[in-house]
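**Student:** Contents are compact mmCIF, N, CA and C atoms; file name my_file_22.txt:
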```txt
# COMPACT_ATOMS: atom_id res chain seq x y z
N MET A 1 12.49 -27.67 166.94
CA MET A 1 11.89 -26.64 167.74
C MET A 1 12.76 -26.41 168.98
N PRO A 2 13.01 -25.16 169.30
CA PRO A 2 13.87 -24.89 170.47
C PRO A 2 13.13 -25.12 171.78
N ASP A 3 13.88 -25.44 172.82
CA ASP A 3 13.34 -25.56 174.17
C ASP A 3 13.18 -24.14 174.71
N THR A 4 12.01 -23.82 175.30
CA THR A 4 11.74 -22.45 175.72
C THR A 4 11.04 -22.39 177.07
N ALA A 5 11.13 -21.21 177.69
CA ALA A 5 10.36 -20.90 178.90
C ALA A 5 9.66 -19.57 178.66
N THR A 6 8.33 -19.53 178.88
CA THR A 6 7.58 -18.29 178.68
C THR A 6 6.76 -17.99 179.93
N LEU A 7 6.50 -16.72 180.14
CA LEU A 7 5.79 -16.22 181.32
C LEU A 7 4.43 -15.68 180.89
N GLU A 8 3.39 -16.04 181.66
CA GLU A 8 2.05 -15.51 181.41
C GLU A 8 1.44 -15.10 182.74
N LYS A 9 1.08 -13.82 182.85
CA LYS A 9 0.41 -13.35 184.07
C LYS A 9 -1.06 -13.70 183.96
N THR A 10 -1.58 -14.43 184.97
CA THR A 10 -2.97 -14.87 184.91
C THR A 10 -3.88 -14.08 185.84
N ALA A 11 -3.31 -13.45 186.83
CA ALA A 11 -4.05 -12.62 187.78
C ALA A 11 -3.05 -11.61 188.34
N SER A 12 -3.50 -10.77 189.24
CA SER A 12 -2.63 -9.70 189.71
C SER A 12 -1.32 -10.20 190.31
N ARG A 13 -1.35 -11.34 191.00
CA ARG A 13 -0.12 -11.83 191.62
C ARG A 13 0.19 -13.28 191.22
N MET A 14 -0.48 -13.79 190.23
CA MET A 14 -0.25 -15.17 189.79
C MET A 14 0.38 -15.18 188.40
N VAL A 15 1.34 -16.08 188.23
CA VAL A 15 1.93 -16.27 186.90
C VAL A 15 2.01 -17.76 186.60
N LYS A 16 1.92 -18.05 185.31
CA LYS A 16 2.19 -19.39 184.81
C LYS A 16 3.48 -19.31 184.01
N VAL A 17 4.41 -20.17 184.33
CA VAL A 17 5.66 -20.26 183.58
C VAL A 17 5.59 -21.56 182.79
N THR A 18 5.54 -21.45 181.47
CA THR A 18 5.41 -22.62 180.61
C THR A 18 6.76 -22.99 180.04
N PHE A 19 7.14 -24.24 180.24
CA PHE A 19 8.39 -24.79 179.71
C PHE A 19 8.06 -25.76 178.59
N LEU A 20 8.65 -25.57 177.42
CA LEU A 20 8.51 -26.51 176.31
C LEU A 20 9.85 -27.17 176.09
N TRP A 21 9.84 -28.50 175.92
CA TRP A 21 11.09 -29.20 175.68
C TRP A 21 10.86 -30.40 174.78
N SER A 22 11.89 -30.75 174.01
CA SER A 22 11.88 -31.95 173.19
C SER A 22 12.49 -33.08 174.00
N GLY A 23 11.95 -34.28 173.84
CA GLY A 23 12.43 -35.42 174.59
C GLY A 23 13.90 -35.71 174.32
N SER A 24 14.54 -36.33 175.29
CA SER A 24 15.95 -36.69 175.17
C SER A 24 16.21 -37.90 176.06
N ALA A 25 17.10 -38.77 175.60
CA ALA A 25 17.50 -39.91 176.42
C ALA A 25 18.30 -39.44 177.63
N GLY A 26 18.91 -38.27 177.51
CA GLY A 26 19.71 -37.71 178.60
C GLY A 26 18.90 -36.70 179.39
N THR A 27 19.51 -35.55 179.66
CA THR A 27 18.89 -34.50 180.46
C THR A 27 18.70 -33.25 179.61
N VAL A 28 17.54 -32.63 179.71
CA VAL A 28 17.24 -31.37 179.04
C VAL A 28 16.97 -30.34 180.12
N THR A 29 17.63 -29.17 180.04
CA THR A 29 17.43 -28.09 181.00
C THR A 29 16.89 -26.87 180.27
N VAL A 30 15.79 -26.31 180.79
CA VAL A 30 15.18 -25.12 180.20
C VAL A 30 15.11 -24.04 181.27
N PRO A 31 15.98 -23.02 181.19
CA PRO A 31 15.99 -21.97 182.22
C PRO A 31 15.03 -20.82 181.89
N THR A 32 14.66 -20.06 182.93
CA THR A 32 13.90 -18.83 182.73
C THR A 32 14.87 -17.66 182.65
N ALA A 33 14.45 -16.60 182.02
CA ALA A 33 15.24 -15.36 182.02
C ALA A 33 14.82 -14.48 183.20
N GLU A 34 13.56 -14.61 183.61
CA GLU A 34 13.02 -13.78 184.68
C GLU A 34 13.40 -14.32 186.06
N ARG A 35 13.39 -13.43 187.04
CA ARG A 35 13.62 -13.79 188.44
C ARG A 35 12.27 -13.74 189.15
N TYR A 36 12.08 -14.61 190.13
CA TYR A 36 10.81 -14.72 190.82
C TYR A 36 11.00 -14.62 192.34
N THR A 37 10.05 -13.94 192.99
CA THR A 37 9.95 -13.91 194.44
C THR A 37 8.49 -14.17 194.77
N GLY A 38 8.25 -15.19 195.58
CA GLY A 38 6.89 -15.56 195.94
C GLY A 38 6.84 -16.99 196.41
N TRP A 39 5.83 -17.75 195.92
CA TRP A 39 5.64 -19.13 196.34
C TRP A 39 5.33 -20.01 195.14
N LEU A 40 6.01 -21.13 195.06
CA LEU A 40 5.70 -22.14 194.05
C LEU A 40 4.50 -22.93 194.55
N LEU A 41 3.42 -22.94 193.75
CA LEU A 41 2.20 -23.64 194.15
C LEU A 41 2.11 -25.03 193.53
N GLY A 42 2.74 -25.23 192.39
CA GLY A 42 2.68 -26.54 191.76
C GLY A 42 3.25 -26.53 190.36
N LEU A 43 3.32 -27.73 189.77
CA LEU A 43 3.83 -27.91 188.42
C LEU A 43 3.00 -28.99 187.75
N GLU A 44 2.52 -28.70 186.54
CA GLU A 44 1.76 -29.68 185.75
C GLU A 44 2.63 -30.15 184.59
N THR A 45 2.69 -31.46 184.38
CA THR A 45 3.40 -32.01 183.23
C THR A 45 2.37 -32.48 182.21
N ILE A 46 2.63 -32.17 180.93
CA ILE A 46 1.69 -32.46 179.86
C ILE A 46 2.47 -33.09 178.69
N PRO A 47 2.34 -34.41 178.50
CA PRO A 47 3.08 -35.07 177.41
C PRO A 47 2.63 -34.55 176.05
N GLY A 48 3.55 -34.60 175.08
CA GLY A 48 3.24 -34.17 173.72
C GLY A 48 2.51 -35.24 172.93
N SER A 49 2.30 -34.97 171.62
CA SER A 49 1.55 -35.90 170.78
C SER A 49 2.27 -37.23 170.58
N THR A 50 3.59 -37.21 170.56
CA THR A 50 4.37 -38.45 170.62
C THR A 50 4.80 -38.59 172.07
N ALA A 51 4.38 -39.67 172.69
CA ALA A 51 4.61 -39.83 174.13
C ALA A 51 6.09 -39.83 174.48
N PRO A 52 6.44 -39.22 175.60
CA PRO A 52 7.80 -39.34 176.10
C PRO A 52 8.00 -40.75 176.66
N THR A 53 9.20 -41.05 177.10
CA THR A 53 9.48 -42.33 177.73
C THR A 53 8.71 -42.41 179.05
N ALA A 54 8.07 -43.55 179.30
CA ALA A 54 7.32 -43.72 180.54
C ALA A 54 8.26 -43.57 181.74
N LEU A 55 7.74 -42.98 182.80
CA LEU A 55 8.45 -42.81 184.07
C LEU A 55 9.66 -41.89 183.97
N TYR A 56 9.58 -40.88 183.08
CA TYR A 56 10.64 -39.88 183.03
C TYR A 56 10.57 -39.02 184.28
N ASP A 57 11.64 -38.30 184.58
CA ASP A 57 11.73 -37.50 185.80
C ASP A 57 11.84 -36.02 185.46
N VAL A 58 11.26 -35.17 186.32
CA VAL A 58 11.41 -33.72 186.18
C VAL A 58 11.78 -33.10 187.51
N ASP A 59 12.53 -32.03 187.45
CA ASP A 59 12.86 -31.20 188.60
C ASP A 59 12.56 -29.76 188.22
N LEU A 60 12.27 -28.93 189.20
CA LEU A 60 12.18 -27.49 189.01
C LEU A 60 13.17 -26.89 190.00
N ASN A 61 14.30 -26.44 189.48
CA ASN A 61 15.40 -25.98 190.33
C ASN A 61 15.44 -24.47 190.45
N ASP A 62 15.88 -23.99 191.64
CA ASP A 62 16.22 -22.58 191.78
C ASP A 62 17.64 -22.40 191.24
N GLU A 63 18.15 -21.17 191.29
CA GLU A 63 19.45 -20.93 190.67
C GLU A 63 20.62 -21.56 191.43
N LEU A 64 20.37 -22.05 192.65
CA LEU A 64 21.41 -22.76 193.40
C LEU A 64 21.38 -24.27 193.12
N GLY A 65 20.40 -24.70 192.30
CA GLY A 65 20.29 -26.11 191.95
C GLY A 65 19.41 -26.93 192.88
N TYR A 66 18.70 -26.27 193.80
CA TYR A 66 17.81 -26.97 194.73
C TYR A 66 16.51 -27.33 194.02
N ASP A 67 16.10 -28.61 194.07
CA ASP A 67 14.86 -29.06 193.46
C ASP A 67 13.69 -28.60 194.33
N LEU A 68 12.94 -27.62 193.86
CA LEU A 68 11.82 -27.07 194.62
C LEU A 68 10.67 -28.07 194.79
N LEU A 69 10.66 -29.13 193.98
CA LEU A 69 9.64 -30.16 194.09
C LEU A 69 10.03 -31.26 195.07
N GLY A 70 11.26 -31.22 195.55
CA GLY A 70 11.72 -32.20 196.53
C GLY A 70 11.64 -33.64 196.06
N GLY A 71 11.86 -33.87 194.78
CA GLY A 71 11.83 -35.23 194.24
C GLY A 71 10.45 -35.70 193.82
N ALA A 72 9.42 -34.89 194.02
CA ALA A 72 8.05 -35.31 193.68
C ALA A 72 7.80 -35.38 192.17
N GLY A 73 8.75 -34.92 191.37
CA GLY A 73 8.60 -34.96 189.91
C GLY A 73 9.12 -36.24 189.28
N ASP A 74 9.48 -37.22 190.09
CA ASP A 74 9.98 -38.49 189.54
C ASP A 74 8.82 -39.33 189.00
N ASP A 75 9.14 -40.13 187.98
CA ASP A 75 8.21 -41.13 187.44
C ASP A 75 6.92 -40.53 186.88
N ARG A 76 7.06 -39.62 185.92
CA ARG A 76 5.92 -38.99 185.25
C ARG A 76 5.27 -39.96 184.27
N SER A 77 3.98 -39.79 184.07
CA SER A 77 3.24 -40.58 183.09
C SER A 77 3.62 -40.16 181.67
N ASP A 78 3.66 -41.13 180.77
CA ASP A 78 3.96 -40.82 179.37
C ASP A 78 2.72 -40.43 178.59
N THR A 79 1.51 -40.56 179.17
CA THR A 79 0.29 -40.27 178.42
C THR A 79 -0.66 -39.29 179.12
N ALA A 80 -0.61 -39.20 180.44
CA ALA A 80 -1.58 -38.37 181.18
C ALA A 80 -0.96 -37.10 181.72
N LYS A 81 -1.77 -36.04 181.79
CA LYS A 81 -1.37 -34.83 182.50
C LYS A 81 -1.27 -35.18 183.98
N GLN A 82 -0.27 -34.60 184.65
CA GLN A 82 -0.14 -34.82 186.09
C GLN A 82 0.22 -33.51 186.77
N PHE A 83 -0.34 -33.29 187.96
CA PHE A 83 -0.08 -32.08 188.73
C PHE A 83 0.70 -32.45 189.99
N ILE A 84 1.77 -31.73 190.24
CA ILE A 84 2.63 -31.95 191.39
C ILE A 84 2.47 -30.76 192.32
N GLN A 85 2.19 -31.01 193.60
CA GLN A 85 2.17 -29.95 194.59
C GLN A 85 3.35 -30.15 195.53
N PRO A 86 4.11 -29.09 195.81
CA PRO A 86 5.24 -29.23 196.73
C PRO A 86 4.78 -29.65 198.11
N LYS A 87 5.61 -30.43 198.78
CA LYS A 87 5.30 -30.90 200.13
C LYS A 87 6.45 -30.59 201.06
N ASP A 88 6.12 -30.40 202.34
CA ASP A 88 7.16 -30.18 203.34
C ASP A 88 7.74 -31.53 203.76
N SER A 89 8.69 -31.52 204.67
CA SER A 89 9.37 -32.75 205.09
C SER A 89 8.43 -33.75 205.75
N GLY A 90 7.27 -33.29 206.22
CA GLY A 90 6.29 -34.18 206.83
C GLY A 90 5.28 -34.73 205.83
N GLY A 91 5.44 -34.37 204.54
CA GLY A 91 4.54 -34.86 203.52
C GLY A 91 3.29 -34.03 203.33
N ASN A 92 3.20 -32.89 203.99
CA ASN A 92 2.03 -32.01 203.87
C ASN A 92 2.19 -31.08 202.68
N VAL A 93 1.14 -30.92 201.89
CA VAL A 93 1.16 -30.00 200.75
C VAL A 93 1.35 -28.58 201.30
N THR A 94 2.35 -27.88 200.77
CA THR A 94 2.64 -26.52 201.22
C THR A 94 3.33 -25.75 200.10
N PRO A 95 2.96 -24.48 199.88
CA PRO A 95 3.69 -23.67 198.90
C PRO A 95 5.16 -23.54 199.32
N ILE A 96 6.03 -23.54 198.35
CA ILE A 96 7.47 -23.43 198.61
C ILE A 96 7.91 -22.00 198.34
N PRO A 97 8.51 -21.33 199.32
CA PRO A 97 8.96 -19.95 199.09
C PRO A 97 10.14 -19.91 198.13
N ILE A 98 10.10 -18.92 197.26
CA ILE A 98 11.23 -18.67 196.35
C ILE A 98 11.56 -17.18 196.46
N CYS A 99 12.85 -16.87 196.42
CA CYS A 99 13.27 -15.49 196.67
C CYS A 99 14.28 -15.03 195.62
N ASN A 100 13.84 -14.13 194.74
CA ASN A 100 14.71 -13.47 193.77
C ASN A 100 15.59 -14.47 193.03
N THR A 101 14.98 -15.47 192.41
CA THR A 101 15.74 -16.52 191.74
C THR A 101 15.18 -16.80 190.35
N THR A 102 16.04 -17.25 189.47
CA THR A 102 15.58 -17.81 188.22
C THR A 102 15.14 -19.24 188.49
N LEU A 103 14.42 -19.83 187.56
CA LEU A 103 13.99 -21.22 187.66
C LEU A 103 14.53 -22.00 186.48
N SER A 104 14.83 -23.26 186.68
CA SER A 104 15.24 -24.14 185.59
C SER A 104 14.43 -25.42 185.67
N PHE A 105 13.77 -25.73 184.55
CA PHE A 105 13.05 -26.99 184.43
C PHE A 105 14.03 -28.01 183.88
N VAL A 106 14.09 -29.18 184.51
CA VAL A 106 15.02 -30.24 184.09
C VAL A 106 14.22 -31.52 183.87
N ALA A 107 14.31 -32.08 182.65
CA ALA A 107 13.67 -33.36 182.34
C ALA A 107 14.77 -34.38 182.07
N THR A 108 14.63 -35.56 182.66
CA THR A 108 15.62 -36.62 182.51
C THR A 108 14.94 -37.86 181.95
N ALA A 109 15.56 -38.45 180.92
CA ALA A 109 15.09 -39.70 180.32
C ALA A 109 13.67 -39.60 179.77
N SER A 110 13.38 -38.49 179.06
CA SER A 110 12.07 -38.32 178.43
C SER A 110 12.14 -38.64 176.94
N GLY A 111 13.03 -39.54 176.57
CA GLY A 111 13.53 -39.75 175.22
C GLY A 111 12.65 -40.09 174.07
N ALA A 112 11.44 -40.61 174.21
CA ALA A 112 10.71 -41.09 173.04
C ALA A 112 10.40 -39.99 172.04
N GLY A 113 10.15 -38.77 172.50
CA GLY A 113 9.79 -37.69 171.58
C GLY A 113 10.98 -36.87 171.14
N THR A 114 12.06 -37.53 170.72
CA THR A 114 13.30 -36.81 170.46
C THR A 114 13.27 -35.99 169.17
N GLY A 115 12.34 -36.24 168.26
CA GLY A 115 12.31 -35.49 167.01
C GLY A 115 11.93 -34.05 167.22
N ALA A 116 12.28 -33.22 166.25
CA ALA A 116 12.00 -31.78 166.34
C ALA A 116 10.51 -31.49 166.26
N THR A 117 9.69 -32.48 165.88
CA THR A 117 8.26 -32.24 165.73
C THR A 117 7.49 -32.45 167.03
N THR A 118 8.09 -33.03 168.05
CA THR A 118 7.36 -33.31 169.29
C THR A 118 7.95 -32.51 170.44
N GLN A 119 7.08 -31.72 171.09
CA GLN A 119 7.49 -31.04 172.30
C GLN A 119 6.52 -31.38 173.40
N HIS A 120 7.06 -31.47 174.60
CA HIS A 120 6.28 -31.73 175.78
C HIS A 120 6.20 -30.42 176.56
N ARG A 121 5.23 -30.33 177.48
CA ARG A 121 5.01 -29.07 178.16
C ARG A 121 4.92 -29.30 179.66
N ALA A 122 5.45 -28.35 180.41
CA ALA A 122 5.28 -28.31 181.86
C ALA A 122 4.93 -26.88 182.23
N VAL A 123 4.00 -26.71 183.16
CA VAL A 123 3.56 -25.38 183.57
C VAL A 123 3.74 -25.24 185.07
N ALA A 124 4.55 -24.28 185.49
CA ALA A 124 4.74 -23.97 186.91
C ALA A 124 3.79 -22.84 187.29
N PHE A 125 3.16 -22.97 188.44
CA PHE A 125 2.24 -21.95 188.95
C PHE A 125 2.91 -21.25 190.13
N VAL A 126 3.11 -19.91 189.99
CA VAL A 126 3.83 -19.15 191.00
C VAL A 126 2.95 -17.98 191.46
N GLN A 127 2.82 -17.85 192.77
CA GLN A 127 2.15 -16.67 193.35
C GLN A 127 3.25 -15.69 193.72
N LEU A 128 3.20 -14.50 193.12
CA LEU A 128 4.24 -13.50 193.38
C LEU A 128 3.97 -12.81 194.71
N LYS A 129 5.05 -12.36 195.31
CA LYS A 129 4.95 -11.63 196.57
C LYS A 129 4.50 -10.22 196.31
```
Please lay out the structure from this file as structure tokens.
**Tutor:**
Amino acid sequence: MPDTATLEKTASRMVKVTFLWSGSAGTVTVPTAERYTGWLLGLETIPGSTAPTALYDVDLNDELGYDLLGGAGDDRSDTAKQFIQPKDSGGNVTPIPICNTTLSFVATASGAGTGATTQHRAVAFVQLK
């Protein structure tokens, strides 16, 4: 199964960007084709039916390679859904502004589900400007 990114509009200014990826011992990158301007509100990680490697890491990068999650995507659960909210430098939950950029979901060391039959899912929530 190919790694993909799909867009779903959920309200007038809200979109869900769903990233599907197969596990890998290395790094998997799934880019979007669309450009976004608005605010990143959060990212949910959802393990597939065959669990990924415990404590795998995820980033959500803008087109310059900046991790919009600021490292908060490290050490994901291999069995439970988890929601990440961006935080400012003081540790306060705050939407992260994004301006006319593509997004790339990056998963590192999620290797257990490497077969073509297992895909894991991550959903980014973006409020458009």
**Student:** Name all residues at most 10 Å from range 77-89 of chain A (count only C-alpha atoms; drop same-chain ones fewer than 6 positions away) and give them as a tab-separated table (two decimals) with N, CA and C atoms, in the frame of the given file.
**Tutor:**
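Below you can see around-v9.tsv, which holds the result:
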```
chain	number	residue	atom	x	y	z
A	40	LEU	N	6.01	-21.13	195.06
A	40	LEU	CA	5.70	-22.14	194.05
A	40	LEU	C	4.50	-22.93	194.55
A	41	LEU	N	3.42	-22.94	193.75
A	41	LEU	CA	2.20	-23.64	194.15
A	41	LEU	C	2.11	-25.03	193.53
A	42	GLY	N	2.74	-25.23	192.39
A	42	GLY	CA	2.68	-26.54	191.76
A	42	GLY	C	3.25	-26.53	190.36
A	43	LEU	N	3.32	-27.73	189.77
A	43	LEU	CA	3.83	-27.91	188.42
A	43	LEU	C	3.00	-28.99	187.75
A	44	GLU	N	2.52	-28.70	186.54
A	44	GLU	CA	1.76	-29.68	185.75
A	44	GLU	C	2.63	-30.15	184.59
A	45	THR	N	2.69	-31.46	184.38
A	45	THR	CA	3.40	-32.01	183.23
A	45	THR	C	2.37	-32.48	182.21
A	46	ILE	N	2.63	-32.17	180.93
A	46	ILE	CA	1.69	-32.46	179.86
A	46	ILE	C	2.47	-33.09	178.69
A	47	PRO	N	2.34	-34.41	178.50
A	47	PRO	CA	3.08	-35.07	177.41
A	47	PRO	C	2.63	-34.55	176.05
A	48	GLY	N	3.55	-34.60	175.08
A	48	GLY	CA	3.24	-34.17	173.72
A	48	GLY	C	2.51	-35.24	172.93
A	49	SER	N	2.30	-34.97	171.62
A	49	SER	CA	1.55	-35.90	170.78
A	49	SER	C	2.27	-37.23	170.58
A	50	THR	N	3.59	-37.21	170.56
A	50	THR	CA	4.37	-38.45	170.62
A	50	THR	C	4.80	-38.59	172.07
A	51	ALA	N	4.38	-39.67	172.69
A	51	ALA	CA	4.61	-39.83	174.13
A	51	ALA	C	6.09	-39.83	174.48
A	52	PRO	N	6.44	-39.22	175.60
A	52	PRO	CA	7.80	-39.34	176.10
A	52	PRO	C	8.00	-40.75	176.66
A	53	THR	N	9.20	-41.05	177.10
A	53	THR	CA	9.48	-42.33	177.73
A	53	THR	C	8.71	-42.41	179.05
A	54	ALA	N	8.07	-43.55	179.30
A	54	ALA	CA	7.32	-43.72	180.54
A	54	ALA	C	8.26	-43.57	181.74
A	55	LEU	N	7.74	-42.98	182.80
A	55	LEU	CA	8.45	-42.81	184.07
A	55	LEU	C	9.66	-41.89	183.97
A	56	TYR	N	9.58	-40.88	183.08
A	56	TYR	CA	10.64	-39.88	183.03
A	56	TYR	C	10.57	-39.02	184.28
A	57	ASP	N	11.64	-38.30	184.58
A	57	ASP	CA	11.73	-37.50	185.80
A	57	ASP	C	11.84	-36.02	185.46
A	68	LEU	N	12.94	-27.62	193.86
A	68	LEU	CA	11.82	-27.07	194.62
A	68	LEU	C	10.67	-28.07	194.79
A	69	LEU	N	10.66	-29.13	193.98
A	69	LEU	CA	9.64	-30.16	194.09
A	69	LEU	C	10.03	-31.26	195.07
A	70	GLY	N	11.26	-31.22	195.55
A	70	GLY	CA	11.72	-32.20	196.53
A	70	GLY	C	11.64	-33.64	196.06
A	71	GLY	N	11.86	-33.87	194.78
A	71	GLY	CA	11.83	-35.23	194.24
A	71	GLY	C	10.45	-35.70	193.82
A	95	PRO	N	2.96	-24.48	199.88
A	95	PRO	CA	3.69	-23.67	198.90
A	95	PRO	C	5.16	-23.54	199.32
A	96	ILE	N	6.03	-23.54	198.35
A	96	ILE	CA	7.47	-23.43	198.61
A	96	ILE	C	7.91	-22.00	198.34
A	110	SER	N	13.38	-38.49	179.06
A	110	SER	CA	12.07	-38.32	178.43
A	110	SER	C	12.14	-38.64	176.94
A	112	ALA	N	11.44	-40.61	174.21
A	112	ALA	CA	10.71	-41.09	173.04
A	112	ALA	C	10.40	-39.99	172.04
A	121	ARG	N	5.23	-30.33	177.48
A	121	ARG	CA	5.01	-29.07	178.16
A	121	ARG	C	4.92	-29.30	179.66
A	122	ALA	N	5.45	-28.35	180.41
A	122	ALA	CA	5.28	-28.31	181.86
A	122	ALA	C	4.93	-26.88	182.23
A	123	VAL	N	4.00	-26.71	183.16
A	123	VAL	CA	3.56	-25.38	183.57
A	123	VAL	C	3.74	-25.24	185.07
A	124	ALA	N	4.55	-24.28	185.49
A	124	ALA	CA	4.74	-23.97	186.91
A	124	ALA	C	3.79	-22.84	187.29
A	125	PHE	N	3.16	-22.97	188.44
A	125	PHE	CA	2.24	-21.95	188.95
A	125	PHE	C	2.91	-21.25	190.13
```
**Student:** For a test of reading the model, state the distance in Å between atom N of Leu60 in chain A and atom N of Val106 in chain A, rounded to one decimal.
**Tutor:**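 Straight-line distance from atom N of Leu60 in chain A to atom N of Val106 in chain A works out to 5.0 Å.
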**Student:** Within 7 Å of Tyr36 in chain A, counting only C-alpha atoms, which residues qualify if same-chain residues fewer than 6 places away don't, as a list in words?
**Tutor:**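 Counting only C-alpha atoms, the residues come to Ile98, Cys99, Asn100, Thr101 and Thr102 of chain A.
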**Student:** Please compute the CA of Ala107 in chain A-atom C of Pro2 in chain A distance, one decimal, in Å.
**Tutor:**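 Going from CA of Ala107 in chain A over to atom C of Pro2 in chain A covers 13.4 Å.
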**Student:** Quick one: residues within 7 Å of Pro31 in chain A, only C-alpha atoms, excluding same-chain residues fewer than 5 positions away - as a VMD selection string?
**Tutor:** chain A and resid 5 103 to 105
**Student:** May I have all residues of range 2-39 of chain A that DSSP, computed from the backbone, assigns to strand (DSSP E or B), given as a ChimeraX atom specification?
**Tutor:** /A:4-9,14-21,27-31,36-39
**Student:** Compare A:Thr10, A:Gly38, A:Thr4, A:Ala25 by their minimum atom-to-atom distance to Leu128 in chain A, counting all atoms listed in the file, and give me the closest one.
**Tutor:**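 Among A:Thr10, A:Gly38, A:Thr4, A:Ala25, it is A:Gly38 that comes nearest to Leu128 in chain A.
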**Student:** Taking (2.1, -13.2, 193.1) in the file's own coordinates, collect the residues within 6 Å, counting all atoms listed in the file, and hand them back as a list of chain:residue names.
**Tutor:** A:Ser12, A:Arg13, A:Met14, A:Val15, A:Val126, A:Gln127, A:Leu128, A:Lys129
**Student:** Out of A:Leu20, A:Glu34, A:Asn92, A:Val28, which residue has the shortest atom-to-atom distance to Gln119 in chain A when counting all atoms listed in the file?
**Tutor:**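 Checking each candidate against Gln119 in chain A, we get A:Leu20 as the closest.
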**Student:** Which distance in Å separates CA of Thr118 in chain A and CA of Asp3 in chain A, to one decimal?
**Tutor:** 10.9 Å
